[in-house]
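Containing compact mmCIF, C-alpha atoms: work_20.txt.
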```
# COMPACT_ATOMS: atom_id res chain seq x y z
CA MET A 122 -24.05 74.48 58.36
CA GLN A 123 -23.73 71.72 60.92
CA LEU A 124 -26.02 71.19 63.90
CA LEU A 125 -23.25 72.22 66.32
CA HIS A 126 -22.77 75.56 64.53
CA PHE A 127 -26.55 76.05 64.51
CA LYS A 128 -26.66 75.55 68.29
CA LYS A 129 -23.83 78.07 68.71
CA GLN A 130 -25.73 80.64 66.61
CA LEU A 131 -28.80 80.23 68.78
CA LYS A 132 -26.75 80.55 71.97
CA LYS A 133 -24.88 83.59 70.64
CA HIS A 134 -28.23 85.33 70.12
CA LYS A 135 -29.64 84.12 73.45
CA LYS A 136 -32.21 81.85 71.80
CA SER A 137 -33.18 78.41 73.04
CA PHE A 138 -32.46 75.19 71.19
CA THR A 139 -35.93 73.63 70.99
CA SER A 140 -37.14 70.48 69.30
CA GLU A 141 -39.22 72.57 66.87
CA ARG A 142 -36.21 74.68 65.88
CA LYS A 143 -34.14 71.54 65.48
CA GLN A 144 -36.80 69.95 63.21
CA ILE A 145 -37.01 73.08 61.06
CA PHE A 146 -33.22 73.35 60.82
CA LEU A 147 -32.76 69.69 59.88
CA LEU A 148 -35.40 69.95 57.15
CA ALA A 149 -33.89 73.21 55.84
CA GLN A 150 -30.57 71.36 55.48
CA LYS A 151 -32.24 69.02 52.98
CA MET A 152 -34.02 71.69 50.93
CA GLN A 153 -32.74 74.27 48.47
CA HIS A 154 -34.33 77.64 47.74
CA PHE A 155 -37.49 77.03 49.73
CA SER A 156 -40.27 79.32 50.90
CA ALA A 157 -41.52 79.35 54.47
CA GLN A 158 -44.78 77.84 53.16
CA GLU A 159 -42.93 74.97 51.46
CA LEU A 160 -41.06 74.31 54.70
CA PHE A 161 -44.36 74.23 56.59
CA GLU A 162 -45.95 71.90 54.00
CA ALA A 163 -43.03 69.48 54.32
CA LEU A 164 -43.19 69.58 58.13
CA LYS A 165 -46.92 69.36 58.69
CA GLU A 166 -47.09 65.69 57.69
CA LYS A 167 -44.47 64.71 60.28
CA SER A 168 -45.05 67.25 63.01
CA LYS A 169 -47.69 69.29 64.77
CA ILE A 170 -45.74 72.54 64.33
CA SER A 171 -48.11 75.37 63.48
CA ARG A 172 -47.77 77.45 60.34
CA MET A 173 -47.18 80.55 62.50
CA SER A 174 -44.36 78.81 64.38
CA VAL A 175 -42.65 77.84 61.14
CA PHE A 176 -42.93 81.38 59.71
CA ARG A 177 -41.68 82.97 62.94
CA THR A 178 -38.80 80.51 63.15
CA VAL A 179 -37.79 81.18 59.54
CA GLN A 180 -37.80 84.90 60.33
CA LEU A 181 -35.70 84.29 63.45
CA PHE A 182 -33.25 82.08 61.54
CA GLU A 183 -32.79 84.83 58.97
CA GLN A 184 -32.21 87.46 61.68
CA ILE A 185 -29.53 85.41 63.42
CA GLY A 186 -27.81 84.38 60.17
CA VAL A 187 -28.86 80.73 59.95
CA LEU A 188 -30.86 81.34 56.77
CA ARG A 189 -30.14 83.63 53.86
CA LYS A 190 -32.97 85.29 51.93
CA VAL A 191 -32.98 84.92 48.15
CA ILE A 192 -35.39 87.10 46.14
CA THR A 193 -36.45 85.57 42.82
CA ASN A 194 -37.62 87.02 39.49
CA SER A 195 -41.21 87.22 40.66
CA ASN A 196 -40.08 88.93 43.89
CA ALA A 197 -40.91 85.72 45.74
CA VAL A 198 -38.89 85.24 48.90
CA ARG A 199 -36.94 81.98 49.08
CA TYR A 200 -34.45 80.84 51.71
CA GLU A 201 -31.37 78.68 51.93
CA LEU A 202 -28.94 77.78 54.67
CA ASN A 203 -26.36 80.50 55.16
CA THR A 204 -23.03 78.70 55.10
CA GLU A 205 -19.69 80.44 54.84
CA GLU A 206 -18.01 77.31 53.53
CA ASN A 207 -20.46 77.13 50.63
CA HIS A 208 -20.95 80.79 49.73
CA HIS A 209 -22.36 81.26 46.25
CA GLU A 210 -24.45 83.62 44.18
CA HIS A 211 -27.54 83.00 42.07
CA MET A 212 -28.79 83.31 38.51
CA GLN A 213 -32.44 82.77 37.62
CA CYS A 214 -33.92 82.18 34.20
CA SER A 215 -36.67 84.69 33.55
CA VAL A 216 -38.51 82.18 31.34
CA CYS A 217 -38.50 78.83 33.18
CA GLY A 218 -37.58 80.10 36.66
CA GLN A 219 -34.62 77.75 37.13
CA ILE A 220 -32.21 78.98 39.82
CA ILE A 221 -28.53 78.27 39.16
CA GLU A 222 -25.99 78.60 41.95
CA PHE A 223 -22.44 79.65 41.16
CA PRO A 224 -19.50 80.04 43.52
CA ASP A 225 -16.95 82.64 42.49
CA ASN A 226 -14.16 83.52 44.88
CA SER A 227 -12.67 86.03 42.45
CA LEU A 228 -15.96 87.96 42.53
CA HIS A 229 -15.97 87.90 46.32
CA ASN A 230 -12.35 89.09 46.39
CA GLN A 231 -13.17 91.93 43.97
CA LEU A 232 -16.06 93.07 46.17
CA GLU A 233 -13.71 93.08 49.18
CA LYS A 234 -11.22 95.25 47.26
CA ILE A 235 -13.95 97.71 46.26
CA ALA A 236 -15.18 97.92 49.84
CA GLU A 237 -11.64 98.41 51.16
CA LYS A 238 -11.04 101.22 48.64
CA HIS A 239 -14.05 103.04 50.12
CA ASP A 240 -13.13 102.20 53.73
CA PHE A 241 -16.23 100.03 53.95
CA LYS A 242 -16.62 96.72 55.80
CA ILE A 243 -18.97 94.27 54.10
CA GLN A 244 -21.16 92.41 56.57
CA GLU A 245 -23.15 90.58 53.94
CA HIS A 246 -23.78 90.75 50.23
CA SER A 247 -26.14 89.22 47.74
CA LEU A 248 -25.86 89.02 43.98
CA PHE A 249 -28.77 87.78 41.92
CA LEU A 250 -28.54 87.71 38.13
CA ARG A 251 -31.60 87.42 35.90
CA GLY A 252 -31.49 86.28 32.30
CA LEU A 253 -31.96 83.24 30.10
CA CYS A 254 -30.65 79.77 30.85
CA LYS A 255 -29.04 77.67 28.13
CA LYS A 256 -32.30 75.81 27.39
CA CYS A 257 -34.46 78.95 27.11
CA ASN A 258 -31.85 80.96 25.20
CA HIS A 259 -32.13 78.72 22.12
```
Serialized structure, structure tokens:
Amino acid sequence: MQLLHFKKQLKKHKKSFTSERKQIFLLAQKMQHFSAQELFEALKEKSKISRMSVFRTVQLFEQIGVLRKVITNSNAVRYELNTEENHHEHMQCSVCGQIIEFPDNSLHNQLEKIAEKHDFKIQEHSLFLRGLCKKCNH
């Protein structure tokens, strides 16, 4: 997600583009599968943004579709940027915790067909597979 699209999302939801939101967004662009706490820890050295502000902003970003929530094996909540051009699903090793991203357009197309068959419009979906990675499977 580019900064311009981010600004449009905020405007669409009648939210202001603030320097704090910009800082959080720009850092989120550089991170993968992060918690709100990890985002705060990375920001606190460079900024005076409070922990509460970071957590509230992460919640807002999820609500307006800037961030996508990813639930891990341990039911920990992680986030990533929600980008249509880079849609993917996740697998997590139940031994080492490694998260593997995989794009699969055929899977997405199959889900669309299933939804259409049931006269259902998908607004969002999430697929999270748990198992053993190559390293832990041997």
Q: Rounded to one decimal place, report the CA of Ala157 (chain A)-CA of Asn196 (chain A) distance in Å.
A: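 Distance between the two atoms: 14.3 Å.
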Q: For region 131-140 of chain A, list every protein, DNA or RNA residue within 9 Å, evaluated using all atoms listed in the file, and leave out those in the same chain fewer than 5 positions away; present the list as a VMD selection string.
A: chain A and resid 126 145 182 185 187
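As for CA of Gly186 (chain A) and CA of His209 (chain A), they are spaced 15.3 Å apart.
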Q.
Taking (-28.9, 70.4, 58.3) as a centre in this file's frame and 9 Å as the limit, can you find every polymer residue with an atom that close, using only C-alpha atoms, and give them as a list in words?
A.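 So the residues meeting the distance criterion are Met122, Gln123, Leu124, Phe127, Lys143, Ile145, Phe146, Leu147, Leu148, Ala149, Gln150, Lys151 and Leu202 of chain A.
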(Q) For a test of reading the model, state the distance in Å between CA of Thr178 (chain A) and CA of Phe155 (chain A), rounded to one decimal. (A)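 The value is 13.9 Å.
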**Q.** Residue list as a count of residues only for point (-22.5, 84.2, 42.6), cut-off 7 Å, all atoms listed in the file
**A.** 8
Q) From the list A:Ser168, A:Asn226, A:Gln158, A:Gln130, which residue is nearest Gln144 (chain A) when using only C-alpha atoms? A) A:Ser168
(Q) Report as a list in words all protein, DNA and RNA residues lying within 10 Å of Lys242 (chain A), evaluated on only C-alpha atoms, omitting residues in the same chain fewer than 6 positions from it. (A) Glu233, Ile235 and Ala236 of chain A
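When all atoms listed in the file are used to compute distances to Met152 (chain A), the closest of the residues A:Val175, A:Leu188, A:Val216, A:Ala197 turns out to be A:Leu188.
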Mind completing region 200-224 of chain A with N, CA and C atoms? Output as a PDB file, in the frame of the given file, please?
```
ATOM      1  N   TYR A 200     -35.510  80.915  50.703  1.00  0.00           N
ATOM      2  CA  TYR A 200     -34.450  80.840  51.710  1.00  0.00           C
ATOM      3  C   TYR A 200     -33.532  79.680  51.404  1.00  0.00           C
ATOM      4  N   GLU A 201     -32.330  79.780  51.963  1.00  0.00           N
ATOM      5  CA  GLU A 201     -31.370  78.680  51.930  1.00  0.00           C
ATOM      6  C   GLU A 201     -30.503  78.809  53.173  1.00  0.00           C
ATOM      7  N   LEU A 202     -29.848  77.713  53.539  1.00  0.00           N
ATOM      8  CA  LEU A 202     -28.940  77.780  54.670  1.00  0.00           C
ATOM      9  C   LEU A 202     -27.801  78.733  54.357  1.00  0.00           C
ATOM     10  N   ASN A 203     -27.423  79.512  55.319  1.00  0.00           N
ATOM     11  CA  ASN A 203     -26.360  80.500  55.160  1.00  0.00           C
ATOM     12  C   ASN A 203     -25.060  79.872  55.656  1.00  0.00           C
ATOM     13  N   THR A 204     -24.273  79.362  54.728  1.00  0.00           N
ATOM     14  CA  THR A 204     -23.030  78.700  55.100  1.00  0.00           C
ATOM     15  C   THR A 204     -21.844  79.410  54.499  1.00  0.00           C
ATOM     16  N   GLU A 205     -20.893  79.759  55.325  1.00  0.00           N
ATOM     17  CA  GLU A 205     -19.690  80.440  54.840  1.00  0.00           C
ATOM     18  C   GLU A 205     -18.862  79.518  53.960  1.00  0.00           C
ATOM     19  N   GLU A 206     -18.838  78.232  54.298  1.00  0.00           N
ATOM     20  CA  GLU A 206     -18.010  77.310  53.530  1.00  0.00           C
ATOM     21  C   GLU A 206     -18.584  77.012  52.156  1.00  0.00           C
ATOM     22  N   ASN A 207     -19.815  77.397  51.916  1.00  0.00           N
ATOM     23  CA  ASN A 207     -20.460  77.130  50.630  1.00  0.00           C
ATOM     24  C   ASN A 207     -21.090  78.408  50.076  1.00  0.00           C
ATOM     25  N   HIS A 208     -20.375  79.540  50.205  1.00  0.00           N
ATOM     26  CA  HIS A 208     -20.950  80.790  49.730  1.00  0.00           C
ATOM     27  C   HIS A 208     -21.029  80.778  48.200  1.00  0.00           C
ATOM     28  N   HIS A 209     -22.141  81.240  47.690  1.00  0.00           N
ATOM     29  CA  HIS A 209     -22.360  81.260  46.250  1.00  0.00           C
ATOM     30  C   HIS A 209     -23.370  82.356  45.915  1.00  0.00           C
ATOM     31  N   GLU A 210     -23.475  82.649  44.670  1.00  0.00           N
ATOM     32  CA  GLU A 210     -24.450  83.620  44.180  1.00  0.00           C
ATOM     33  C   GLU A 210     -25.470  82.881  43.335  1.00  0.00           C
ATOM     34  N   HIS A 211     -26.442  83.627  42.798  1.00  0.00           N
ATOM     35  CA  HIS A 211     -27.540  83.000  42.070  1.00  0.00           C
ATOM     36  C   HIS A 211     -27.822  83.667  40.726  1.00  0.00           C
ATOM     37  N   MET A 212     -28.252  82.845  39.789  1.00  0.00           N
ATOM     38  CA  MET A 212     -28.790  83.310  38.510  1.00  0.00           C
ATOM     39  C   MET A 212     -30.159  82.642  38.375  1.00  0.00           C
ATOM     40  N   GLN A 213     -31.127  83.376  37.846  1.00  0.00           N
ATOM     41  CA  GLN A 213     -32.440  82.770  37.620  1.00  0.00           C
ATOM     42  C   GLN A 213     -32.905  83.067  36.209  1.00  0.00           C
ATOM     43  N   CYS A 214     -33.379  82.026  35.546  1.00  0.00           N
ATOM     44  CA  CYS A 214     -33.920  82.180  34.200  1.00  0.00           C
ATOM     45  C   CYS A 214     -35.269  82.879  34.285  1.00  0.00           C
ATOM     46  N   SER A 215     -35.421  83.927  33.514  1.00  0.00           N
ATOM     47  CA  SER A 215     -36.670  84.690  33.550  1.00  0.00           C
ATOM     48  C   SER A 215     -37.793  84.008  32.772  1.00  0.00           C
ATOM     49  N   VAL A 216     -37.483  82.919  32.067  1.00  0.00           N
ATOM     50  CA  VAL A 216     -38.510  82.180  31.340  1.00  0.00           C
ATOM     51  C   VAL A 216     -38.999  80.973  32.154  1.00  0.00           C
ATOM     52  N   CYS A 217     -38.083  80.078  32.499  1.00  0.00           N
ATOM     53  CA  CYS A 217     -38.500  78.830  33.180  1.00  0.00           C
ATOM     54  C   CYS A 217     -38.374  78.911  34.702  1.00  0.00           C
ATOM     55  N   GLY A 218     -37.689  79.916  35.224  1.00  0.00           N
ATOM     56  CA  GLY A 218     -37.580  80.100  36.660  1.00  0.00           C
ATOM     57  C   GLY A 218     -36.467  79.313  37.335  1.00  0.00           C
ATOM     58  N   GLN A 219     -35.701  78.541  36.560  1.00  0.00           N
ATOM     59  CA  GLN A 219     -34.620  77.750  37.130  1.00  0.00           C
ATOM     60  C   GLN A 219     -33.623  78.657  37.863  1.00  0.00           C
ATOM     61  N   ILE A 220     -33.218  78.244  39.069  1.00  0.00           N
ATOM     62  CA  ILE A 220     -32.210  78.980  39.820  1.00  0.00           C
ATOM     63  C   ILE A 220     -30.907  78.193  39.739  1.00  0.00           C
ATOM     64  N   ILE A 221     -29.858  78.880  39.309  1.00  0.00           N
ATOM     65  CA  ILE A 221     -28.530  78.270  39.160  1.00  0.00           C
ATOM     66  C   ILE A 221     -27.610  78.924  40.176  1.00  0.00           C
ATOM     67  N   GLU A 222     -26.956  78.096  40.976  1.00  0.00           N
ATOM     68  CA  GLU A 222     -25.990  78.600  41.950  1.00  0.00           C
ATOM     69  C   GLU A 222     -24.607  78.613  41.316  1.00  0.00           C
ATOM     70  N   PHE A 223     -23.821  79.647  41.625  1.00  0.00           N
ATOM     71  CA  PHE A 223     -22.440  79.650  41.160  1.00  0.00           C
ATOM     72  C   PHE A 223     -21.521  80.254  42.213  1.00  0.00           C
ATOM     73  N   PRO A 224     -20.505  79.486  42.620  1.00  0.00           N
ATOM     74  CA  PRO A 224     -19.500  80.040  43.520  1.00  0.00           C
ATOM     75  C   PRO A 224     -18.461  80.786  42.699  1.00  0.00           C
TER      76      PRO A 224
END
```
